[in-house]
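Participant: This is the structure, below, for whatever I ask next.
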Amino acid sequence: MKGYSEEKIIKQMQEHYKKYGKITIKSFDKDKNTCSFETVQRYLGSWSNAKIKAEINDYIEYEEEKLKELIKEKIISGELKHMSAIERLKGFPSYKYLKTLWSKEEMEEIFGIRIKKFAYSAEEVISIYNEMKEKYGIVTLPLLREEAGMTPGVIRRHFGTWNKFLDFMGEKPRRVLANVTHTNEELIELYKKLSFKIGKEQYGATLRDLKQYDFPYSKSVISSRFTSINNLRRIAGFDIKRDIISKYSKQGLKLQLYKSYKKYGRRLSQAEIEKDELLPNPSSIFYHFQTTKITEVWDEVLNNK
């Protein structure tokens with residue numbers, strides 16, 4: 001297990017805050033370069049106490065008229081579609097802070113933007129679904145969240161599950177595949193079929209498209225089977241918009257991994273590599289070694305030494 005200290009966790013919090021302009025439990029927990037929220041609690045107690053010790057004060061006072069203009073710019077550019085999503089924008093205050101300045105009605109009037117609603121009635125859910133069904137043909141939970149600001153919790157509260165809701169609406173419930181039951185060739189055909197269906201004939205569907213249009217497998221499955229979405233595109237016969245020049249080489253990765261082996265006296269697990277700030281992300285390693293198994297990577301590294 002990777003060792004932590006109060007000082008190291010505080011440094012991680014400060015670096016995260018400096019990089020993103022804000023810090024939340026959710027953003028910190030998702031950051032691959034930091035420890036987990038549970039580790040913060042174990043060493044520093046509450047999240048508030050941790051922020052105090054890290055000398056992070058993210059309760060910034062904003063000049064109201066200037067803030068209005070900045071928000072309107074983000075709305076016009078399409079970066080902000082729902083006011084509750086403002087927390088994702090670097091340098092902007094939280095939605096909770098905005099509510100101390102303006103009421104829901106005032107925000108809708110000032111910005112002409114939909115305010116996320118938490119108290120949808122079952123009738124409203126059905127009405128919104130029907131409107132989006134007519135517009136898009138197929139409606140998914142990510143699309144409902146993106147277009148109407150409706151969370152999965154709203155569906156669960158009124159209908160139990162997403163599939164029960166679809167059944168209620170006379171739709172065929174969609175089966176979510178917990179295990180990968182398709183071969184690589186079948187996955188490629190599924191990908192091609194969806195890409196053509198949504199009009200992405202040249203470059204193929206993006207990861208966001210796969211999520212939005214209910215592709216049966218997640219990003220992690222794509223990565224484990226094909227190393228990257230670009231590699232899947234290439235295999236499926238689509239064009240690649242641009243090839244990213246990697247900052248790593250296979251030989252360089254071998255050297256880095258061998259040094260870590262000598263340092264710890266053993267092979268590191270995939271999770272340990274992911275947490276090590278001095279090592280690249282495992283996805284980069286898998287891409288260069290053309291495998292999805294860390295054991296095969298280590299075999300090649302150590303057999304060549």
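If you're wondering about the labels, chains in the structure tokens are A, B, ... by order shown, residues count from 1 in each chain, ligands from 1 in order shown.
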Residues within 12 Å of segment 13-28 of chain A, please, as JSON, numbers by chain. Count only C-alpha atoms; anything in the same chain fewer than 4 positions from it doesn't count.
Facilitator: {"A": [6, 7, 8, 9, 32, 33, 34, 35, 36, 37, 38, 39, 40, 41, 44, 46, 47, 48, 50, 51, 52, 53, 54, 55, 56, 57, 58, 59, 60, 86, 87, 88, 89, 90, 91, 92, 93, 94]}
Participant: Using backbone DSSP assignments, extract all alpha helix (DSSP H) residues from segment 21-145 of chain A; output them as a PDB file with N, CA, C and O atoms, in the first residue's frame.
Facilitator:
ATOM      1  N   ILE A  25     -14.952  17.416  -2.860  1.00  0.00           N
ATOM      2  CA  ILE A  25     -14.703  16.014  -2.517  1.00  0.00           C
ATOM      3  C   ILE A  25     -14.739  15.161  -3.777  1.00  0.00           C
ATOM      4  O   ILE A  25     -13.883  14.295  -3.996  1.00  0.00           O
ATOM      5  N   LYS A  26     -15.716  15.439  -4.645  1.00  0.00           N
ATOM      6  CA  LYS A  26     -15.886  14.644  -5.865  1.00  0.00           C
ATOM      7  C   LYS A  26     -14.707  14.810  -6.815  1.00  0.00           C
ATOM      8  O   LYS A  26     -14.167  13.833  -7.334  1.00  0.00           O
ATOM      9  N   SER A  27     -14.275  16.054  -7.042  1.00  0.00           N
ATOM     10  CA  SER A  27     -13.179  16.286  -7.990  1.00  0.00           C
ATOM     11  C   SER A  27     -11.873  15.717  -7.459  1.00  0.00           C
ATOM     12  O   SER A  27     -11.078  15.153  -8.205  1.00  0.00           O
ATOM     13  N   PHE A  28     -11.645  15.850  -6.159  1.00  0.00           N
ATOM     14  CA  PHE A  28     -10.419  15.338  -5.548  1.00  0.00           C
ATOM     15  C   PHE A  28     -10.389  13.812  -5.593  1.00  0.00           C
ATOM     16  O   PHE A  28      -9.364  13.202  -5.899  1.00  0.00           O
ATOM     17  N   ASP A  29     -11.541  13.199  -5.314  1.00  0.00           N
ATOM     18  CA  ASP A  29     -11.625  11.744  -5.290  1.00  0.00           C
ATOM     19  C   ASP A  29     -11.400  11.146  -6.675  1.00  0.00           C
ATOM     20  O   ASP A  29     -10.906  10.025  -6.802  1.00  0.00           O
ATOM     21  N   LYS A  30     -11.781  11.889  -7.729  1.00  0.00           N
ATOM     22  CA  LYS A  30     -11.642  11.391  -9.098  1.00  0.00           C
ATOM     23  C   LYS A  30     -10.257  11.648  -9.685  1.00  0.00           C
ATOM     24  O   LYS A  30      -9.902  11.066 -10.708  1.00  0.00           O
ATOM     25  N   PHE A  37     -10.731  10.195  -0.932  1.00  0.00           N
ATOM     26  CA  PHE A  37     -11.347  11.004   0.120  1.00  0.00           C
ATOM     27  C   PHE A  37     -11.278  10.277   1.467  1.00  0.00           C
ATOM     28  O   PHE A  37     -11.099  10.900   2.520  1.00  0.00           O
ATOM     29  N   GLU A  38     -11.391   8.951   1.429  1.00  0.00           N
ATOM     30  CA  GLU A  38     -11.319   8.168   2.664  1.00  0.00           C
ATOM     31  C   GLU A  38      -9.956   8.344   3.345  1.00  0.00           C
ATOM     32  O   GLU A  38      -9.862   8.403   4.574  1.00  0.00           O
ATOM     33  N   THR A  39      -8.903   8.456   2.524  1.00  0.00           N
ATOM     34  CA  THR A  39      -7.565   8.669   3.084  1.00  0.00           C
ATOM     35  C   THR A  39      -7.465  10.039   3.738  1.00  0.00           C
ATOM     36  O   THR A  39      -6.855  10.200   4.800  1.00  0.00           O
ATOM     37  N   VAL A  40      -8.090  11.050   3.101  1.00  0.00           N
ATOM     38  CA  VAL A  40      -8.117  12.392   3.687  1.00  0.00           C
ATOM     39  C   VAL A  40      -8.783  12.343   5.056  1.00  0.00           C
ATOM     40  O   VAL A  40      -8.275  12.894   6.039  1.00  0.00           O
ATOM     41  N   GLN A  41      -9.913  11.668   5.133  1.00  0.00           N
ATOM     42  CA  GLN A  41     -10.637  11.557   6.410  1.00  0.00           C
ATOM     43  C   GLN A  41      -9.796  10.848   7.465  1.00  0.00           C
ATOM     44  O   GLN A  41      -9.790  11.239   8.633  1.00  0.00           O
ATOM     45  N   ARG A  42      -9.092   9.813   7.030  1.00  0.00           N
ATOM     46  CA  ARG A  42      -8.309   9.018   7.980  1.00  0.00           C
ATOM     47  C   ARG A  42      -7.179   9.840   8.604  1.00  0.00           C
ATOM     48  O   ARG A  42      -6.875   9.709   9.785  1.00  0.00           O
ATOM     49  N   TYR A  43      -6.563  10.718   7.811  1.00  0.00           N
ATOM     50  CA  TYR A  43      -5.420  11.490   8.300  1.00  0.00           C
ATOM     51  C   TYR A  43      -5.793  12.866   8.849  1.00  0.00           C
ATOM     52  O   TYR A  43      -5.135  13.370   9.756  1.00  0.00           O
ATOM     53  N   LEU A  44      -6.837  13.479   8.266  1.00  0.00           N
ATOM     54  CA  LEU A  44      -7.134  14.873   8.606  1.00  0.00           C
ATOM     55  C   LEU A  44      -8.528  15.102   9.168  1.00  0.00           C
ATOM     56  O   LEU A  44      -8.913  16.245   9.425  1.00  0.00           O
ATOM     57  N   TRP A  47     -13.579  16.979   5.861  1.00  0.00           N
ATOM     58  CA  TRP A  47     -13.138  17.683   4.656  1.00  0.00           C
ATOM     59  C   TRP A  47     -12.884  19.172   4.968  1.00  0.00           C
ATOM     60  O   TRP A  47     -11.906  19.755   4.500  1.00  0.00           O
ATOM     61  N   SER A  48     -13.751  19.762   5.764  1.00  0.00           N
ATOM     62  CA  SER A  48     -13.583  21.178   6.138  1.00  0.00           C
ATOM     63  C   SER A  48     -12.275  21.382   6.887  1.00  0.00           C
ATOM     64  O   SER A  48     -11.543  22.344   6.641  1.00  0.00           O
ATOM     65  N   ASN A  49     -11.978  20.477   7.795  1.00  0.00           N
ATOM     66  CA  ASN A  49     -10.741  20.575   8.560  1.00  0.00           C
ATOM     67  C   ASN A  49      -9.526  20.421   7.654  1.00  0.00           C
ATOM     68  O   ASN A  49      -8.506  21.113   7.820  1.00  0.00           O
ATOM     69  N   ALA A  50      -9.637  19.515   6.659  1.00  0.00           N
ATOM     70  CA  ALA A  50      -8.538  19.301   5.714  1.00  0.00           C
ATOM     71  C   ALA A  50      -8.274  20.572   4.911  1.00  0.00           C
ATOM     72  O   ALA A  50      -7.120  20.948   4.682  1.00  0.00           O
ATOM     73  N   LYS A  51      -9.346  21.259   4.485  1.00  0.00           N
ATOM     74  CA  LYS A  51      -9.180  22.488   3.696  1.00  0.00           C
ATOM     75  C   LYS A  51      -8.568  23.601   4.549  1.00  0.00           C
ATOM     76  O   LYS A  51      -7.760  24.391   4.055  1.00  0.00           O
ATOM     77  N   ILE A  52      -8.922  23.628   5.820  1.00  0.00           N
ATOM     78  CA  ILE A  52      -8.346  24.629   6.722  1.00  0.00           C
ATOM     79  C   ILE A  52      -6.842  24.397   6.876  1.00  0.00           C
ATOM     80  O   ILE A  52      -6.039  25.323   6.780  1.00  0.00           O
ATOM     81  N   LYS A  53      -6.461  23.134   7.075  1.00  0.00           N
ATOM     82  CA  LYS A  53      -5.043  22.811   7.240  1.00  0.00           C
ATOM     83  C   LYS A  53      -4.258  23.059   5.959  1.00  0.00           C
ATOM     84  O   LYS A  53      -3.076  23.392   5.996  1.00  0.00           O
ATOM     85  N   GLU A  64     -20.769  41.255  -8.512  1.00  0.00           N
ATOM     86  CA  GLU A  64     -22.006  40.701  -9.078  1.00  0.00           C
ATOM     87  C   GLU A  64     -22.184  40.994 -10.563  1.00  0.00           C
ATOM     88  O   GLU A  64     -22.481  40.086 -11.351  1.00  0.00           O
ATOM     89  N   GLU A  65     -22.009  42.243 -10.997  1.00  0.00           N
ATOM     90  CA  GLU A  65     -22.235  42.590 -12.403  1.00  0.00           C
ATOM     91  C   GLU A  65     -21.202  41.916 -13.309  1.00  0.00           C
ATOM     92  O   GLU A  65     -21.531  41.457 -14.407  1.00  0.00           O
ATOM     93  N   LYS A  66     -19.951  41.853 -12.836  1.00  0.00           N
ATOM     94  CA  LYS A  66     -18.905  41.195 -13.613  1.00  0.00           C
ATOM     95  C   LYS A  66     -19.215  39.712 -13.744  1.00  0.00           C
ATOM     96  O   LYS A  66     -19.033  39.108 -14.817  1.00  0.00           O
ATOM     97  N   LEU A  67     -19.690  39.118 -12.660  1.00  0.00           N
ATOM     98  CA  LEU A  67     -20.035  37.707 -12.672  1.00  0.00           C
ATOM     99  C   LEU A  67     -21.159  37.434 -13.668  1.00  0.00           C
ATOM    100  O   LEU A  67     -21.136  36.433 -14.394  1.00  0.00           O
ATOM    101  N   LYS A  68     -22.140  38.322 -13.723  1.00  0.00           N
ATOM    102  CA  LYS A  68     -23.245  38.178 -14.679  1.00  0.00           C
ATOM    103  C   LYS A  68     -22.714  38.092 -16.109  1.00  0.00           C
ATOM    104  O   LYS A  68     -23.117  37.229 -16.893  1.00  0.00           O
ATOM    105  N   GLU A  69     -21.786  39.008 -16.438  1.00  0.00           N
ATOM    106  CA  GLU A  69     -21.239  39.048 -17.794  1.00  0.00           C
ATOM    107  C   GLU A  69     -20.452  37.786 -18.109  1.00  0.00           C
ATOM    108  O   GLU A  69     -20.539  37.235 -19.220  1.00  0.00           O
ATOM    109  N   LEU A  70     -19.677  37.299 -17.145  1.00  0.00           N
ATOM    110  CA  LEU A  70     -18.875  36.095 -17.354  1.00  0.00           C
ATOM    111  C   LEU A  70     -19.766  34.872 -17.592  1.00  0.00           C
ATOM    112  O   LEU A  70     -19.497  34.045 -18.459  1.00  0.00           O
ATOM    113  N   ILE A  71     -20.849  34.789 -16.822  1.00  0.00           N
ATOM    114  CA  ILE A  71     -21.780  33.663 -16.975  1.00  0.00           C
ATOM    115  C   ILE A  71     -22.469  33.725 -18.334  1.00  0.00           C
ATOM    116  O   ILE A  71     -22.605  32.714 -19.030  1.00  0.00           O
ATOM    117  N   LYS A  72     -22.889  34.928 -18.737  1.00  0.00           N
ATOM    118  CA  LYS A  72     -23.556  35.087 -20.036  1.00  0.00           C
ATOM    119  C   LYS A  72     -22.625  34.685 -21.181  1.00  0.00           C
ATOM    120  O   LYS A  72     -23.060  34.084 -22.167  1.00  0.00           O
ATOM    121  N   GLU A  73     -21.328  34.998 -21.049  1.00  0.00           N
ATOM    122  CA  GLU A  73     -20.354  34.604 -22.078  1.00  0.00           C
ATOM    123  C   GLU A  73     -20.281  33.087 -22.209  1.00  0.00           C
ATOM    124  O   GLU A  73     -20.200  32.551 -23.324  1.00  0.00           O
ATOM    125  N   LYS A  74     -20.308  32.398 -21.074  1.00  0.00           N
ATOM    126  CA  LYS A  74     -20.233  30.934 -21.090  1.00  0.00           C
ATOM    127  C   LYS A  74     -21.511  30.320 -21.669  1.00  0.00           C
ATOM    128  O   LYS A  74     -21.462  29.274 -22.313  1.00  0.00           O
ATOM    129  N   ILE A  75     -22.634  30.971 -21.449  1.00  0.00           N
ATOM    130  CA  ILE A  75     -23.906  30.487 -21.999  1.00  0.00           C
ATOM    131  C   ILE A  75     -23.909  30.658 -23.512  1.00  0.00           C
ATOM    132  O   ILE A  75     -24.267  29.741 -24.258  1.00  0.00           O
ATOM    133  N   ILE A  76     -23.476  31.814 -23.975  1.00  0.00           N
ATOM    134  CA  ILE A  76     -23.437  32.089 -25.416  1.00  0.00           C
ATOM    135  C   ILE A  76     -22.482  31.139 -26.133  1.00  0.00           C
ATOM    136  O   ILE A  76     -22.760  30.658 -27.232  1.00  0.00           O
ATOM    137  N   TYR A  95     -22.760  26.627  -7.613  1.00  0.00           N
ATOM    138  CA  TYR A  95     -24.179  26.932  -7.791  1.00  0.00           C
ATOM    139  C   TYR A  95     -24.776  27.374  -6.449  1.00  0.00           C
ATOM    140  O   TYR A  95     -25.649  28.246  -6.390  1.00  0.00           O
ATOM    141  N   LYS A  96     -24.269  26.769  -5.389  1.00  0.00           N
ATOM    142  CA  LYS A  96     -24.740  27.122  -4.047  1.00  0.00           C
ATOM    143  C   LYS A  96     -24.470  28.603  -3.771  1.00  0.00           C
ATOM    144  O   LYS A  96     -25.297  29.303  -3.177  1.00  0.00           O
ATOM    145  N   TYR A  97     -23.314  29.084  -4.222  1.00  0.00           N
ATOM    146  CA  TYR A  97     -22.979  30.499  -4.041  1.00  0.00           C
ATOM    147  C   TYR A  97     -23.910  31.387  -4.859  1.00  0.00           C
ATOM    148  O   TYR A  97     -24.369  32.436  -4.387  1.00  0.00           O
ATOM    149  N   LEU A  98     -24.216  30.972  -6.093  1.00  0.00           N
ATOM    150  CA  LEU A  98     -25.108  31.764  -6.950  1.00  0.00           C
ATOM    151  C   LEU A  98     -26.477  31.953  -6.305  1.00  0.00           C
ATOM    152  O   LEU A  98     -27.099  33.004  -6.435  1.00  0.00           O
ATOM    153  N   LYS A  99     -26.923  30.914  -5.598  1.00  0.00           N
ATOM    154  CA  LYS A  99     -28.250  30.981  -4.967  1.00  0.00           C
ATOM    155  C   LYS A  99     -28.283  31.984  -3.826  1.00  0.00           C
ATOM    156  O   LYS A  99     -29.362  32.370  -3.379  1.00  0.00           O
ATOM    157  N   THR A 100     -27.107  32.402  -3.334  1.00  0.00           N
ATOM    158  CA  THR A 100     -27.082  33.457  -2.319  1.00  0.00           C
ATOM    159  C   THR A 100     -27.222  34.834  -2.963  1.00  0.00           C
ATOM    160  O   THR A 100     -27.509  35.819  -2.285  1.00  0.00           O
ATOM    161  N   LEU A 101     -26.996  34.904  -4.285  1.00  0.00           N
ATOM    162  CA  LEU A 101     -27.099  36.174  -5.007  1.00  0.00           C
ATOM    163  C   LEU A 101     -28.463  36.367  -5.647  1.00  0.00           C
ATOM    164  O   LEU A 101     -29.012  37.466  -5.628  1.00  0.00           O
ATOM    165  N   LYS A 104     -34.049  31.362  -7.981  1.00  0.00           N
ATOM    166  CA  LYS A 104     -34.199  30.558  -9.192  1.00  0.00           C
ATOM    167  C   LYS A 104     -34.879  31.377 -10.294  1.00  0.00           C
ATOM    168  O   LYS A 104     -34.442  31.387 -11.449  1.00  0.00           O
ATOM    169  N   GLU A 105     -35.946  32.070  -9.925  1.00  0.00           N
ATOM    170  CA  GLU A 105     -36.701  32.858 -10.897  1.00  0.00           C
ATOM    171  C   GLU A 105     -35.848  34.000 -11.463  1.00  0.00           C
ATOM    172  O   GLU A 105     -35.896  34.298 -12.659  1.00  0.00           O
ATOM    173  N   GLU A 106     -35.060  34.630 -10.585  1.00  0.00           N
ATOM    174  CA  GLU A 106     -34.199  35.725 -11.041  1.00  0.00           C
ATOM    175  C   GLU A 106     -33.124  35.220 -12.006  1.00  0.00           C
ATOM    176  O   GLU A 106     -32.820  35.869 -13.005  1.00  0.00           O
ATOM    177  N   MET A 107     -32.548  34.066 -11.708  1.00  0.00           N
ATOM    178  CA  MET A 107     -31.517  33.506 -12.585  1.00  0.00           C
ATOM    179  C   MET A 107     -32.092  33.172 -13.954  1.00  0.00           C
ATOM    180  O   MET A 107     -31.462  33.406 -14.983  1.00  0.00           O
ATOM    181  N   GLU A 108     -33.299  32.613 -13.969  1.00  0.00           N
ATOM    182  CA  GLU A 108     -33.928  32.278 -15.254  1.00  0.00           C
ATOM    183  C   GLU A 108     -34.200  33.542 -16.067  1.00  0.00           C
ATOM    184  O   GLU A 108     -34.036  33.550 -17.287  1.00  0.00           O
ATOM    185  N   GLU A 109     -34.570  34.609 -15.369  1.00  0.00           N
ATOM    186  CA  GLU A 109     -34.875  35.864 -16.065  1.00  0.00           C
ATOM    187  C   GLU A 109     -33.585  36.549 -16.544  1.00  0.00           C
ATOM    188  O   GLU A 109     -33.509  37.046 -17.664  1.00  0.00           O
ATOM    189  N   ILE A 110     -32.559  36.561 -15.708  1.00  0.00           N
ATOM    190  CA  ILE A 110     -31.297  37.236 -16.040  1.00  0.00           C
ATOM    191  C   ILE A 110     -30.561  36.525 -17.171  1.00  0.00           C
ATOM    192  O   ILE A 110     -30.072  37.152 -18.106  1.00  0.00           O
ATOM    193  N   PHE A 111     -30.493  35.194 -17.090  1.00  0.00           N
ATOM    194  CA  PHE A 111     -29.642  34.444 -18.007  1.00  0.00           C
ATOM    195  C   PHE A 111     -30.409  33.688 -19.095  1.00  0.00           C
ATOM    196  O   PHE A 111     -29.802  33.205 -20.057  1.00  0.00           O
ATOM    197  N   ALA A 122     -44.213  13.155 -11.603  1.00  0.00           N
ATOM    198  CA  ALA A 122     -44.194  12.052 -12.563  1.00  0.00           C
ATOM    199  C   ALA A 122     -44.733  12.521 -13.914  1.00  0.00           C
ATOM    200  O   ALA A 122     -44.224  12.134 -14.972  1.00  0.00           O
ATOM    201  N   GLU A 123     -45.749  13.387 -13.875  1.00  0.00           N
ATOM    202  CA  GLU A 123     -46.345  13.901 -15.112  1.00  0.00           C
ATOM    203  C   GLU A 123     -45.335  14.744 -15.897  1.00  0.00           C
ATOM    204  O   GLU A 123     -45.264  14.672 -17.124  1.00  0.00           O
ATOM    205  N   GLU A 124     -44.535  15.549 -15.185  1.00  0.00           N
ATOM    206  CA  GLU A 124     -43.523  16.369 -15.845  1.00  0.00           C
ATOM    207  C   GLU A 124     -42.434  15.502 -16.474  1.00  0.00           C
ATOM    208  O   GLU A 124     -41.950  15.792 -17.570  1.00  0.00           O
ATOM    209  N   VAL A 125     -42.044  14.447 -15.767  1.00  0.00           N
ATOM    210  CA  VAL A 125     -41.029  13.532 -16.296  1.00  0.00           C
ATOM    211  C   VAL A 125     -41.512  12.921 -17.610  1.00  0.00           C
ATOM    212  O   VAL A 125     -40.787  12.872 -18.606  1.00  0.00           O
ATOM    213  N   ILE A 126     -42.762  12.465 -17.613  1.00  0.00           N
ATOM    214  CA  ILE A 126     -43.345  11.845 -18.812  1.00  0.00           C
ATOM    215  C   ILE A 126     -43.419  12.847 -19.956  1.00  0.00           C
ATOM    216  O   ILE A 126     -43.081  12.529 -21.104  1.00  0.00           O
ATOM    217  N   SER A 127     -43.830  14.072 -19.644  1.00  0.00           N
ATOM    218  CA  SER A 127     -43.960  15.101 -20.672  1.00  0.00           C
ATOM    219  C   SER A 127     -42.601  15.432 -21.297  1.00  0.00           C
ATOM    220  O   SER A 127     -42.470  15.523 -22.524  1.00  0.00           O
ATOM    221  N   ILE A 128     -41.573  15.600 -20.462  1.00  0.00           N
ATOM    222  CA  ILE A 128     -40.229  15.913 -20.958  1.00  0.00           C
ATOM    223  C   ILE A 128     -39.685  14.765 -21.790  1.00  0.00           C
ATOM    224  O   ILE A 128     -39.074  14.969 -22.850  1.00  0.00           O
ATOM    225  N   TYR A 129     -39.918  13.536 -21.324  1.00  0.00           N
ATOM    226  CA  TYR A 129     -39.450  12.368 -22.066  1.00  0.00           C
ATOM    227  C   TYR A 129     -40.085  12.330 -23.462  1.00  0.00           C
ATOM    228  O   TYR A 129     -39.400  12.092 -24.464  1.00  0.00           O
ATOM    229  N   ASN A 130     -41.396  12.568 -23.523  1.00  0.00           N
ATOM    230  CA  ASN A 130     -42.090  12.527 -24.821  1.00  0.00           C
ATOM    231  C   ASN A 130     -41.578  13.604 -25.772  1.00  0.00           C
ATOM    232  O   ASN A 130     -41.433  13.375 -26.973  1.00  0.00           O
ATOM    233  N   GLU A 131     -41.305  14.797 -25.227  1.00  0.00           N
ATOM    234  CA  GLU A 131     -40.763  15.879 -26.055  1.00  0.00           C
ATOM    235  C   GLU A 131     -39.399  15.501 -26.627  1.00  0.00           C
ATOM    236  O   GLU A 131     -39.122  15.725 -27.810  1.00  0.00           O
ATOM    237  N   MET A 132     -38.558  14.909 -25.789  1.00  0.00           N
ATOM    238  CA  MET A 132     -37.217  14.537 -26.236  1.00  0.00           C
ATOM    239  C   MET A 132     -37.255  13.328 -27.161  1.00  0.00           C
ATOM    240  O   MET A 132     -36.443  13.208 -28.077  1.00  0.00           O
ATOM    241  N   LYS A 133     -38.218  12.447 -26.938  1.00  0.00           N
ATOM    242  CA  LYS A 133     -38.382  11.283 -27.821  1.00  0.00           C
ATOM    243  C   LYS A 133     -38.725  11.744 -29.236  1.00  0.00           C
ATOM    244  O   LYS A 133     -38.191  11.221 -30.232  1.00  0.00           O
ATOM    245  N   GLU A 134     -39.591  12.731 -29.314  1.00  0.00           N
ATOM    246  CA  GLU A 134     -39.985  13.268 -30.623  1.00  0.00           C
ATOM    247  C   GLU A 134     -38.814  13.979 -31.305  1.00  0.00           C
ATOM    248  O   GLU A 134     -38.642  13.915 -32.517  1.00  0.00           O
ATOM    249  N   LYS A 135     -37.976  14.610 -30.490  1.00  0.00           N
ATOM    250  CA  LYS A 135     -36.853  15.375 -31.033  1.00  0.00           C
ATOM    251  C   LYS A 135     -35.681  14.489 -31.443  1.00  0.00           C
ATOM    252  O   LYS A 135     -35.077  14.686 -32.500  1.00  0.00           O
ATOM    253  N   TYR A 136     -35.346  13.491 -30.608  1.00  0.00           N
ATOM    254  CA  TYR A 136     -34.139  12.703 -30.838  1.00  0.00           C
ATOM    255  C   TYR A 136     -34.386  11.262 -31.302  1.00  0.00           C
ATOM    256  O   TYR A 136     -33.463  10.601 -31.779  1.00  0.00           O
ATOM    257  N   LEU A 141     -30.536   8.287 -20.249  1.00  0.00           N
ATOM    258  CA  LEU A 141     -30.360   9.043 -19.011  1.00  0.00           C
ATOM    259  C   LEU A 141     -29.338  10.178 -19.163  1.00  0.00           C
ATOM    260  O   LEU A 141     -29.584  11.301 -18.704  1.00  0.00           O
ATOM    261  N   PRO A 142     -28.177   9.924 -19.809  1.00  0.00           N
ATOM    262  CA  PRO A 142     -27.232  11.030 -20.008  1.00  0.00           C
ATOM    263  C   PRO A 142     -27.833  12.185 -20.811  1.00  0.00           C
ATOM    264  O   PRO A 142     -27.553  13.354 -20.545  1.00  0.00           O
ATOM    265  N   LEU A 143     -28.681  11.849 -21.788  1.00  0.00           N
ATOM    266  CA  LEU A 143     -29.314  12.888 -22.603  1.00  0.00           C
ATOM    267  C   LEU A 143     -30.325  13.679 -21.770  1.00  0.00           C
ATOM    268  O   LEU A 143     -30.422  14.896 -21.894  1.00  0.00           O
ATOM    269  N   LEU A 144     -31.075  13.000 -20.911  1.00  0.00           N
ATOM    270  CA  LEU A 144     -32.023  13.684 -20.028  1.00  0.00           C
ATOM    271  C   LEU A 144     -31.298  14.642 -19.088  1.00  0.00           C
ATOM    272  O   LEU A 144     -31.762  15.748 -18.829  1.00  0.00           O
ATOM    273  N   ARG A 145     -30.149  14.195 -18.594  1.00  0.00           N
ATOM    274  CA  ARG A 145     -29.371  15.051 -17.695  1.00  0.00           C
ATOM    275  C   ARG A 145     -28.823  16.261 -18.449  1.00  0.00           C
ATOM    276  O   ARG A 145     -28.850  17.386 -17.965  1.00  0.00           O
TER     277      ARG A 145
END
Participant: What is the atom CA of Lys219 of chain A-atom CA of Phe196 of chain A distance in Å, reported with one decimal?
Facilitator: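 Calculated distance between atom CA of Lys219 of chain A and atom CA of Phe196 of chain A is 19.3 Å.
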Participant: For atom CA of Glu274 of chain A and atom CA of Ile235 of chain A, determine how far apart the two atoms are, in Å to one decimal place.
Facilitator: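 Value for the atom CA of Glu274 of chain A-atom CA of Ile235 of chain A distance: 27.2 Å.
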Participant: List the spatial neighbours of Leu207 of chain A as a PyMOL selection string - criterion: any atom at most 8 Å away, only C-alpha atoms, same-chain residues fewer than 3 positions off excluded.
Facilitator: chain A and resi 210-211+219+229
Participant: Select from segment 128-161 of chain A every residue with an atom at most 12 Å from any atom of segment 167-172 of chain A, then for each give the shortest pair of atoms and their distance in Å to one decimal, using only C-alpha atoms, rows by chain and rising number, as a tab-separated table.
Facilitator:
residue	atom	partner	partner_atom	distance
A:Tyr129	CA	A:Met169	CA	9.1
A:Asn130	CA	A:Met169	CA	9.0
A:Lys133	CA	A:Glu171	CA	10.9
A:Gly137	CA	A:Glu171	CA	11.8
A:Ile138	CA	A:Glu171	CA	10.2
A:Val139	CA	A:Glu171	CA	10.5
A:Thr140	CA	A:Glu171	CA	12.0
A:Ile155	CA	A:Phe168	CA	11.5
A:His158	CA	A:Phe168	CA	11.0
A:Phe159	CA	A:Phe168	CA	8.2
A:Gly160	CA	A:Phe168	CA	10.7
A:Thr161	CA	A:Asp167	CA	9.8
